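Coordinates from protein.txt are shown below (compact mmCIF, C-alpha atoms).
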```
# COMPACT_ATOMS: atom_id res chain seq x y z
CA MET X 1 -14.98 4.89 30.32
CA THR X 2 -14.55 2.05 32.82
CA CYS X 3 -11.57 2.18 35.15
CA ARG X 4 -10.43 -0.70 37.30
CA PHE X 5 -7.24 -1.80 38.97
CA THR X 6 -5.71 0.87 41.22
CA PHE X 7 -7.29 3.96 39.70
CA SER X 8 -9.09 6.34 41.97
CA ARG X 9 -12.21 8.02 40.65
CA ALA X 10 -10.31 11.28 40.27
CA ALA X 11 -7.56 9.58 38.31
CA CYS X 12 -10.16 7.87 36.19
CA ALA X 13 -11.88 11.16 35.43
CA PHE X 14 -8.54 12.75 34.58
CA ALA X 15 -7.63 9.91 32.28
CA ALA X 16 -10.95 10.13 30.51
CA ALA X 17 -10.52 13.87 30.06
CA VAL X 18 -7.02 13.43 28.69
CA LEU X 19 -8.22 10.75 26.29
CA ALA X 20 -11.04 12.94 25.04
CA ALA X 21 -8.65 15.85 24.61
CA ALA X 22 -6.17 13.64 22.85
CA VAL X 23 -8.77 12.35 20.44
CA LEU X 24 -9.94 15.87 19.75
CA ALA X 25 -6.36 17.04 19.38
CA GLY X 26 -5.67 14.22 17.00
CA CYS X 27 -8.61 15.23 14.90
CA SER X 28 -7.87 18.92 14.94
CA THR X 29 -4.12 18.99 14.58
CA ALA X 30 -3.77 16.37 11.88
CA PRO X 31 -6.30 17.36 9.25
CA LEU X 32 -6.65 15.21 6.23
CA PRO X 33 -4.78 16.69 3.32
CA GLY X 34 -7.21 18.65 1.26
CA ALA X 35 -10.13 17.50 3.36
CA GLY X 36 -11.92 20.79 2.98
CA SER X 37 -11.68 20.66 -0.76
CA LEU X 38 -12.84 17.07 -0.79
CA ALA X 39 -15.92 17.91 1.24
CA SER X 40 -16.96 20.77 -0.98
CA GLN X 41 -16.02 19.46 -4.40
CA PRO X 42 -14.66 15.94 -4.77
CA PRO X 43 -12.04 16.03 -7.49
CA THR X 44 -12.01 13.58 -10.31
CA LEU X 45 -8.59 12.18 -11.08
CA THR X 46 -8.70 11.16 -14.69
CA PRO X 47 -5.71 9.32 -16.11
CA GLY X 48 -4.40 11.11 -19.15
CA VAL X 49 -6.12 14.35 -18.21
CA THR X 50 -5.65 15.59 -14.64
CA THR X 51 -2.50 17.58 -14.01
CA GLN X 52 -0.24 17.80 -10.98
CA ALA X 53 -1.35 21.38 -10.39
CA ALA X 54 -4.98 20.33 -10.31
CA VAL X 55 -4.24 17.52 -7.88
CA GLN X 56 -2.30 19.82 -5.59
CA ARG X 57 -5.10 22.39 -5.64
CA ALA X 58 -7.61 19.73 -4.72
CA LEU X 59 -5.69 17.61 -2.24
CA GLY X 60 -2.82 19.73 -0.98
CA LYS X 61 0.81 18.81 -0.60
CA ALA X 62 1.76 15.17 -1.01
CA SER X 63 4.75 13.02 -0.18
CA VAL X 64 6.53 12.88 -3.55
CA THR X 65 8.96 10.32 -4.98
CA ARG X 66 10.65 11.23 -8.26
CA PHE X 67 12.30 8.73 -10.59
CA ASP X 68 14.95 8.86 -13.29
CA SER X 69 12.24 8.18 -15.85
CA GLY X 70 10.55 11.47 -15.06
CA TYR X 71 7.61 9.70 -13.48
CA GLU X 72 6.47 10.71 -9.99
CA VAL X 73 4.40 9.01 -7.31
CA TRP X 74 2.47 11.23 -4.95
CA VAL X 75 1.10 9.75 -1.72
CA TYR X 76 -1.49 11.21 0.63
CA ASP X 77 -1.64 9.53 4.02
CA TYR X 78 -5.14 9.47 5.41
CA THR X 79 -4.51 7.36 8.48
CA GLY X 80 -6.00 8.93 11.59
CA ARG X 81 -3.65 8.37 14.49
CA LEU X 82 -3.75 9.30 18.15
CA PRO X 83 -1.02 11.72 19.19
CA SER X 84 2.02 9.79 20.31
CA PHE X 85 1.96 11.22 23.84
CA VAL X 86 -1.30 9.41 24.53
CA GLY X 87 0.54 6.15 24.84
CA MET X 88 2.75 7.64 27.51
CA VAL X 89 -0.08 8.78 29.77
CA PRO X 90 -0.44 6.30 32.63
CA GLY X 91 -3.50 4.20 32.12
CA LEU X 92 -4.09 5.35 28.56
CA GLY X 93 -1.48 3.19 26.94
CA LEU X 94 -3.89 0.28 26.78
CA VAL X 95 -6.60 2.48 25.32
CA ALA X 96 -4.23 3.90 22.75
CA GLY X 97 -3.07 0.40 21.91
CA ALA X 98 -6.65 -0.71 21.41
CA VAL X 99 -7.30 2.24 19.10
CA ASP X 100 -4.18 1.41 17.13
CA ALA X 101 -5.24 -2.21 16.90
CA VAL X 102 -8.45 -1.38 15.07
CA THR X 103 -7.06 1.48 12.97
CA ARG X 104 -6.82 0.77 9.27
CA GLU X 105 -4.09 2.75 7.59
CA SER X 106 -5.11 4.24 4.29
CA GLU X 107 -3.31 6.23 1.66
CA LEU X 108 -4.00 7.58 -1.78
CA ALA X 109 -1.25 6.98 -4.35
CA ILE X 110 -1.15 8.81 -7.65
CA LEU X 111 1.24 8.05 -10.51
CA PHE X 112 2.18 10.93 -12.82
CA ASP X 113 3.91 10.49 -16.13
CA ARG X 114 6.86 12.60 -17.24
CA ASP X 115 4.47 15.29 -18.48
CA GLY X 116 2.94 15.68 -15.03
CA ILE X 117 -0.35 14.06 -16.02
CA VAL X 118 -2.15 11.49 -13.85
CA ARG X 119 -1.51 8.00 -15.15
CA LYS X 120 -2.85 5.79 -12.36
CA VAL X 121 -4.63 6.16 -9.02
CA ARG X 122 -4.88 3.68 -6.18
CA MET X 123 -6.48 3.91 -2.76
CA ARG X 124 -4.61 1.59 -0.43
CA GLU X 125 -6.13 0.48 2.85
CA ARG X 126 -4.08 -1.75 5.07
CA GLU X 127 -5.80 -4.15 7.39
CA SER X 128 -5.68 -3.35 11.09
CA GLN X 129 -4.02 -5.62 13.61
CA VAL X 130 -7.43 -7.02 14.48
CA ASP X 131 -8.21 -7.62 10.81
CA ARG X 132 -4.93 -9.47 10.51
CA LEU X 133 -5.73 -11.71 13.47
CA LEU X 134 -9.17 -12.46 12.07
CA ALA X 135 -8.00 -12.92 8.50
CA PRO X 136 -9.06 -16.17 6.84
CA ARG X 137 -6.19 -18.61 6.76
CA MET P 138 32.65 -3.22 -3.34
CA ARG P 139 29.61 -5.41 -2.92
CA ARG P 140 27.76 -5.69 0.31
CA SER P 141 24.98 -7.97 1.45
CA ALA P 142 21.44 -6.66 1.47
CA VAL P 143 19.90 -6.02 4.81
CA MET P 144 17.00 -3.98 6.02
CA TRP P 145 19.16 -2.38 8.68
CA MET P 146 17.56 0.67 10.16
CA ALA P 147 20.13 1.67 12.79
CA LEU P 148 21.33 5.20 12.46
CA ALA P 149 24.65 4.65 14.19
CA VAL P 150 27.56 5.03 11.80
CA TRP P 151 29.50 1.80 11.58
CA PRO P 152 32.19 0.88 9.12
CA VAL P 153 30.71 -0.97 6.17
CA LEU P 154 32.19 -4.35 5.54
CA PRO P 155 32.55 -6.12 2.22
CA ALA P 156 30.08 -8.86 1.65
CA HIS P 157 32.63 -11.60 1.80
CA ALA P 158 33.78 -10.64 5.30
CA GLY P 159 33.02 -13.41 7.74
CA GLN P 160 31.20 -15.54 5.20
CA GLY P 161 31.77 -17.91 2.40
CA ALA P 162 34.50 -20.11 3.76
CA ALA P 163 33.96 -23.78 4.26
CA PRO P 164 35.10 -24.55 7.81
CA GLY P 165 38.83 -24.86 7.86
CA ALA P 166 39.13 -25.37 4.14
CA GLU P 167 39.95 -21.94 2.76
CA ALA P 168 41.90 -20.15 5.41
CA GLU P 169 45.29 -21.43 4.30
CA ALA P 170 44.58 -21.67 0.59
CA PRO P 171 46.64 -19.35 -1.58
CA VAL P 172 44.73 -16.57 -3.23
CA PRO P 173 44.96 -17.03 -7.00
CA VAL P 174 45.38 -14.19 -9.41
CA VAL P 175 42.39 -13.87 -11.73
CA GLU P 176 42.99 -12.12 -15.00
CA VAL P 177 40.11 -10.62 -16.90
CA GLN P 178 40.71 -9.44 -20.41
CA GLY P 179 39.97 -5.77 -20.93
CA LEU P 180 38.72 -4.79 -17.47
CA THR P 181 40.68 -4.31 -14.30
CA ASP P 182 37.60 -3.95 -12.11
CA PRO P 183 34.86 -6.12 -13.62
CA ASP P 184 31.56 -6.66 -11.92
CA ALA P 185 32.06 -10.08 -10.40
CA HIS P 186 30.98 -12.27 -7.53
CA SER P 187 32.34 -15.22 -5.61
CA TYR P 188 31.57 -18.53 -7.29
CA ARG P 189 31.67 -20.29 -3.95
CA LYS P 190 29.07 -17.96 -2.46
CA MET P 191 26.78 -18.45 -5.40
CA VAL P 192 27.11 -22.22 -5.08
CA LYS P 193 26.28 -21.88 -1.41
CA GLY P 194 23.20 -19.97 -2.51
CA MET P 195 22.31 -22.98 -4.65
CA ASP P 196 22.73 -25.14 -1.53
CA ALA P 197 20.33 -22.84 0.31
CA PHE P 198 17.88 -23.24 -2.56
CA ASP P 199 17.95 -26.99 -2.00
CA LYS P 200 17.79 -26.64 1.79
CA TYR P 201 14.74 -24.34 1.81
CA ARG P 202 13.03 -25.91 -1.17
CA ARG P 203 9.85 -26.39 0.86
CA LEU P 204 9.18 -22.65 0.42
CA ALA P 205 8.83 -23.10 -3.34
CA PRO P 206 8.48 -26.80 -4.19
CA ALA P 207 8.11 -26.13 -7.93
CA GLY P 208 10.36 -23.11 -8.02
CA GLN P 209 13.31 -22.80 -10.36
CA LEU P 210 16.44 -20.86 -9.47
CA ARG P 211 18.36 -18.62 -11.80
CA TYR P 212 20.74 -15.85 -10.92
CA ARG P 213 20.09 -12.60 -12.69
CA LEU P 214 21.87 -9.37 -13.52
CA ILE P 215 19.92 -6.12 -13.57
CA PRO P 216 21.70 -3.09 -15.08
CA ARG P 217 21.68 -0.52 -12.30
CA LEU P 218 23.24 2.45 -14.08
CA PRO P 219 21.64 4.28 -17.01
CA GLY P 220 24.65 3.79 -19.28
CA VAL P 221 25.02 0.03 -18.83
CA ARG P 222 24.15 -1.83 -22.02
CA ALA P 223 22.46 -5.19 -21.66
CA GLU P 224 23.52 -6.19 -25.18
CA GLY P 225 26.77 -8.05 -25.37
CA VAL P 226 27.02 -8.91 -21.69
CA THR P 227 28.96 -12.09 -21.00
CA VAL P 228 29.38 -14.12 -17.83
CA THR P 229 32.26 -16.45 -17.15
CA VAL P 230 33.30 -18.58 -14.20
CA GLN P 231 36.90 -17.52 -14.03
CA GLY P 232 39.68 -18.89 -11.88
CA ALA P 233 43.44 -19.15 -12.13
CA HIS P 234 43.14 -22.53 -13.80
CA VAL P 235 39.47 -22.70 -14.74
CA THR P 236 37.38 -20.86 -17.31
CA LEU P 237 33.74 -21.83 -17.78
CA PRO P 238 31.53 -19.83 -20.13
CA VAL P 239 28.01 -19.30 -18.80
CA ALA P 240 24.97 -19.12 -21.07
CA LEU P 241 22.87 -16.00 -20.51
CA ASP P 242 19.13 -15.81 -21.08
CA ALA P 243 17.62 -12.76 -22.75
CA ASP P 244 16.80 -11.28 -19.36
CA LEU P 245 20.45 -11.64 -18.26
CA ALA P 246 19.60 -14.64 -16.09
CA PHE P 247 21.80 -17.70 -15.83
CA THR P 248 22.37 -20.90 -13.95
CA LEU P 249 25.73 -22.03 -12.69
CA PRO P 250 27.24 -25.48 -12.93
CA ARG P 251 28.54 -27.20 -9.82
CA ASP P 252 32.16 -27.54 -10.77
CA ALA P 253 34.68 -28.95 -8.31
CA PRO P 254 37.77 -27.48 -10.04
CA ALA P 255 36.15 -24.04 -10.06
CA TRP P 256 35.33 -24.41 -6.35
CA ASP P 257 38.87 -25.48 -5.56
CA ASP P 258 40.18 -22.64 -7.71
CA ARG P 259 38.21 -20.08 -5.71
CA ALA P 260 36.82 -18.88 -9.00
CA ARG P 261 34.74 -15.78 -9.52
CA VAL P 262 31.67 -15.28 -11.64
CA VAL P 263 32.84 -12.45 -13.86
CA THR P 264 30.98 -10.14 -16.22
CA ASN P 265 32.47 -8.00 -18.95
CA ARG P 266 31.13 -4.81 -17.39
CA LYS P 267 32.70 -2.59 -14.76
CA ASP P 268 32.20 -3.14 -11.04
CA ARG P 269 28.73 -2.28 -9.72
CA SER P 270 27.25 -2.17 -13.19
CA PHE P 271 24.61 -4.67 -12.12
CA ALA P 272 22.35 -5.54 -9.28
CA TRP P 273 22.86 -9.28 -8.79
CA ILE P 274 19.86 -11.20 -7.55
CA ALA P 275 18.66 -14.71 -6.94
CA ASP P 276 15.52 -15.23 -8.98
CA VAL P 277 13.13 -18.03 -8.00
CA ARG P 278 10.05 -18.55 -10.14
CA THR P 279 7.27 -21.05 -9.86
CA PRO P 280 6.16 -21.90 -13.42
CA GLY P 281 2.64 -21.22 -14.61
CA LEU P 282 2.02 -17.88 -12.95
CA PRO P 283 0.89 -14.81 -14.95
CA PRO P 284 3.71 -12.41 -15.80
CA ASN P 285 2.50 -9.82 -13.28
CA VAL P 286 2.29 -12.29 -10.38
CA ARG P 287 4.95 -13.62 -8.05
CA ARG P 288 4.58 -16.22 -5.32
CA LEU P 289 5.47 -15.21 -1.76
CA GLY P 290 7.23 -18.50 -1.07
CA ASP P 291 9.48 -17.86 -4.07
CA LEU P 292 10.40 -14.47 -2.65
CA ARG P 293 11.04 -15.97 0.78
CA LEU P 294 13.33 -18.51 -0.80
CA GLU P 295 15.24 -15.76 -2.61
CA CYS P 296 15.96 -14.22 0.77
CA GLU P 297 17.31 -17.50 2.15
CA ILE P 298 19.52 -17.88 -0.94
CA ASP P 299 20.85 -14.37 -0.54
CA ARG P 300 21.78 -15.03 3.08
CA GLU P 301 24.43 -17.38 1.68
CA ALA P 302 25.19 -15.76 -1.66
CA SER P 303 25.32 -12.15 -0.41
CA LEU P 304 24.34 -10.83 -3.80
CA VAL P 305 22.16 -7.84 -3.13
CA SER P 306 24.08 -4.85 -1.90
CA GLY P 307 23.26 -3.04 1.29
CA TYR P 308 24.45 -1.52 4.52
CA LYS P 309 26.00 -4.20 6.69
CA PRO P 310 27.49 -3.09 10.00
CA PRO P 311 29.42 -5.54 12.21
CA SER P 312 26.52 -5.74 14.63
CA TYR P 313 24.40 -7.05 11.78
CA LEU P 314 26.97 -9.70 10.99
CA LEU P 315 26.77 -10.93 14.58
CA LEU P 316 22.99 -11.08 14.54
CA ALA P 317 22.89 -12.61 11.08
CA ALA P 318 25.14 -15.38 12.30
CA ALA P 319 22.79 -16.14 15.18
CA THR P 320 19.41 -15.67 13.54
CA ASP P 321 17.57 -16.07 10.27
CA VAL P 322 17.30 -12.47 9.11
CA CYS P 323 14.64 -13.47 6.60
CA THR P 324 12.23 -14.39 9.33
CA THR P 325 13.24 -12.65 12.51
CA PHE P 326 15.44 -9.60 12.14
CA PRO P 327 14.92 -6.65 12.37
CA SER P 328 11.33 -7.06 11.30
CA GLY P 329 11.75 -9.93 8.93
CA GLN P 330 11.46 -7.89 5.77
CA TRP P 331 13.56 -8.13 2.64
CA MET P 332 14.21 -5.93 -0.37
CA TYR P 333 13.38 -6.95 -3.94
CA TYR P 334 13.42 -5.58 -7.47
CA ALA P 335 10.35 -5.80 -9.65
CA ASP P 336 10.77 -6.82 -13.28
CA ARG P 337 9.73 -3.34 -14.37
CA PRO P 338 8.93 -0.02 -12.68
CA VAL P 339 6.09 -0.82 -10.32
CA PHE P 340 3.31 1.39 -9.01
CA ASN P 341 1.27 -0.91 -6.81
CA LEU P 342 1.69 -4.27 -5.12
CA THR P 343 -1.03 -6.39 -3.57
CA LEU P 344 -0.75 -9.54 -1.48
CA VAL P 345 -3.55 -11.93 -2.31
CA HIS P 346 -4.51 -15.14 -0.58
CA GLY P 347 -8.02 -16.40 -1.12
CA ARG P 348 -10.39 -13.54 -0.32
CA ARG P 349 -7.77 -11.68 1.65
CA ARG P 350 -6.13 -8.78 -0.19
CA GLN P 351 -3.56 -6.41 1.23
CA PRO P 352 -1.89 -3.56 -0.67
CA VAL P 353 1.73 -2.87 0.13
CA PRO P 354 2.00 0.65 1.59
CA ALA P 355 4.19 3.47 0.36
CA ALA P 356 6.46 2.91 3.36
CA LYS P 357 7.63 -0.34 1.69
CA MET P 358 8.14 1.13 -1.75
CA TYR P 359 10.99 2.91 -3.52
CA GLY P 360 13.56 2.61 -0.72
CA ALA P 361 11.36 4.42 1.80
CA PHE P 362 12.15 1.64 4.27
CA ILE P 363 15.82 2.67 4.37
CA PRO P 364 17.10 6.03 5.65
CA LYS P 365 18.39 8.06 2.73
CA LEU P 366 21.73 8.33 4.51
CA PHE P 367 22.34 4.68 3.58
CA TRP P 368 21.02 4.72 0.03
CA PRO P 369 24.47 4.97 -1.58
CA PHE P 370 25.23 1.47 -0.27
CA TYR P 371 22.31 -0.03 -2.15
CA ASP P 372 22.07 -0.99 -5.79
CA PHE P 373 18.67 0.58 -6.29
CA GLN P 374 20.22 4.00 -6.47
CA PRO P 375 19.94 5.68 -8.87
CA HIS P 376 18.37 3.69 -11.67
CA LEU P 377 16.32 1.00 -9.94
CA LEU P 378 14.44 3.09 -7.41
CA ASP P 379 11.15 2.66 -9.26
CA ARG P 380 11.54 -1.13 -9.15
CA THR P 381 12.47 -1.42 -5.47
CA PHE P 382 10.13 -2.69 -2.80
CA ALA P 383 10.24 -4.55 0.49
CA LEU P 384 7.97 -7.22 1.88
CA LYS P 385 7.61 -8.32 5.47
CA ILE P 386 8.18 -11.91 4.55
CA SER P 387 8.33 -12.94 8.21
CA ASP P 388 4.58 -12.40 8.57
CA THR P 389 3.41 -15.99 8.71
CA SER P 390 -0.24 -14.98 8.46
CA TRP P 391 0.55 -14.93 4.72
CA PRO P 392 1.32 -18.50 3.62
CA ASP P 393 3.92 -19.38 1.02
CA ASP P 394 1.31 -19.74 -1.72
CA THR P 395 0.24 -16.14 -1.28
CA LEU P 396 0.38 -14.30 -4.59
CA VAL P 397 1.95 -10.88 -5.04
CA GLU P 398 0.24 -8.95 -7.81
CA PHE P 399 2.31 -6.32 -9.60
CA ASP P 400 0.67 -3.27 -11.11
CA TYR P 401 3.43 -1.90 -13.31
CA MET P 402 3.72 1.77 -14.16
CA ASP P 403 3.54 1.17 -17.88
CA ASP P 404 0.59 -1.21 -17.82
CA PRO P 405 -2.54 0.32 -19.36
CA ASP P 406 -4.97 1.76 -16.87
CA PRO P 407 -7.70 3.65 -18.69
CA VAL P 408 -10.13 3.88 -15.76
CA SER P 409 -10.64 7.25 -14.13
CA ALA P 410 -10.94 7.63 -10.39
CA THR P 411 -12.98 9.98 -8.28
CA VAL P 412 -11.78 10.95 -4.85
CA SER P 413 -14.57 11.56 -2.41
CA LYS P 414 -14.89 12.00 1.31
CA SER P 415 -16.59 9.23 3.23
CA ALA P 416 -17.34 8.89 6.92
CA GLY P 417 -14.06 7.22 7.65
CA GLY P 418 -12.00 9.58 5.55
CA PRO P 419 -11.43 10.10 1.89
CA ALA P 420 -11.98 7.19 -0.39
CA ALA P 421 -11.29 6.71 -4.04
CA THR P 422 -13.10 4.64 -6.58
CA ALA P 423 -10.03 3.27 -8.20
CA PRO P 424 -9.51 0.31 -10.44
CA GLU P 425 -8.18 -2.96 -9.14
CA ALA P 426 -4.79 -4.07 -10.31
CA PRO P 427 -4.92 -5.92 -13.59
CA ARG P 428 -5.14 -9.66 -13.21
```
As structure tokens, please, write out the structure in this file.
Amino acid sequence: MTCRFTFSRAACAFAAAVLAAAVLAGCSTAPLPGAGSLASQPPTLTPGVTTQAAVQRALGKASVTRFDSGYEVWVYDYTGRLPSFVGMVPGLGLVAGAVDAVTRESELAILFDRDGIVRKVRMRERESQVDRLLAPR
Amino acid sequence: MRRSAVMWMALAVWPVLPAHAGQGAAPGAEAEAPVPVVEVQGLTDPDAHSYRKMVKGMDAFDKYRRLAPAGQLRYRLIPRLPGVRAEGVTVTVQGAHVTLPVALDADLAFTLPRDAPAWDDRARVVTNRKDRSFAWIADVRTPGLPPNVRRLGDLRLECEIDREASLVSGYKPPSYLLLAAATDVCTTFPSGQWMYYADRPVFNLTLVHGRRRQPVPAAKMYGAFIPKLFWPFYDFQPHLLDRTFALKISDTSWPDDTLVEFDYMDDPDPVSATVSKSAGGPAATAPEAPR
């Protein structure tokens, strides 16, 4: 980590330590839903076959939206984010901003029919701020 | 009571104003005009909207035509309650001295004539269904696109039309009225996003321009962009939730000829998907949206 401006070496070392801790904390306190299951046995989501119970066993609890039609959309957010306090630590705001700028948000969306069977699956990955700036116009 | 659509995220509780408050009057022309009595056969509280506002929406369509040079404007009614029958719906421009029948397309869309007597009569566009039976929208379509594709410029133009016509319902505090008067809410405030209804229940949306593709996240789907506290003010509740989405139309990195691909819930999708864990996190081999 390179520190400039008015940072002393001690402050720089402290900032680096906090950043490392924050990154580790971010990784350890915000596990991916069902990550353990995914690593050991990737589930197959088959439209017309896979049930809600099977999805929940494999991927854990989702954010659920229910509709009048009886259909449901389950969303798993897989975006890795730094803890919010990182941006408040003096000197780390820029680092946190840079991390945010290159982070691509991703989520898994699953559509269930009124019988609770998978109908469609989509993995959505949103471009990062840097991707957006570099996007072909 | 109909209210203009806004993507207002403030949590402060403000009184909600009717959509016609502070809008719709030609400068100095209407303030002293007597309010006519409009009689509607059979219903005391029909779903209706100001004719003048809808004409002003047509003016906005002309003014912002550059957003959709080939676009065609129709207004459209979307039944928003489960019990509302689409069959037999009629629309009439109704004033104290003017009655103009309006032809409805099969999808409950219509165009309005520019009629000076109806304007002078402060007429209303009246349906034969009870108040709040429908979501009223401006519908701009560029011909020649596939049925599951919309054009971003068309959607931007719909927002500009609704700024004048105040069709789509929503939470509209006084502070919004002040800001809306000073800025173009379609492009600048609060984040330049606008709410829309898909033609059918929609599962996935993708912005496409050239090789650039961008799925719309769950945060912009199904009313997730509005605190649930305010949902009762919006037409998408309860029946249209699965058709509701928002787009950040102020993002100029997406040009007007960007296409929005709709992956509808009831479209066939026979491909299975396997979720696996990759270095950057889980990934799924999932089918692309149908073209």
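When all atoms listed in the file are used to measure the gap to P:Asp404, the shortest distance among P:Asn285, P:Trp368, P:Ser390, P:Ile363 belongs to P:Asn285.
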Just how far from atom CA of P:Val263 is atom CA of P:Pro280, in Å to one decimal? 28.3 Å
Nearest residue to chain P from the set X:Val118, X:Leu45, X:Val130, X:Leu59 (distances using only C-alpha atoms):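 Of X:Val118, X:Leu45, X:Val130, X:Leu59, the one nearest chain P is X:Leu45, counting only C-alpha atoms.
When only C-alpha atoms are used to compute distances to P:Gly194, the closest of the residues P:Val322, P:Ile274, P:Ile298, P:Leu378 turns out to be P:Ile298.
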Among listed residues P:Asn265, P:Gln330, P:Ser187, P:Gln231, nearest P:Cys296 (using only C-alpha atoms): P:Gln330
State, in Å with one decimal place, the distance from atom CA of P:Pro283 to atom CA of P:Leu384.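 Atom CA of P:Leu384 lies 19.8 Å from atom CA of P:Pro283.
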Could you check the closest approach to X:Gly70 for each of P:Met402, P:Val235, P:Ala272, P:Leu294 and tell me which residue wins, using all atoms listed in the file?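 Checking each candidate against X:Gly70, we get P:Met402 as the closest.
With atom CA of X:Val121 on one side and atom CA of P:Leu218 on the other, the separation reads 28.6 Å.
Only residues having an atom at most 7 Å from (22.5, 2.9, -10.1) are included; using all atoms listed in the file, these are Arg217, Leu218, Asp372, Phe373, Gln374, Pro375, His376 and Leu377 of chain P.
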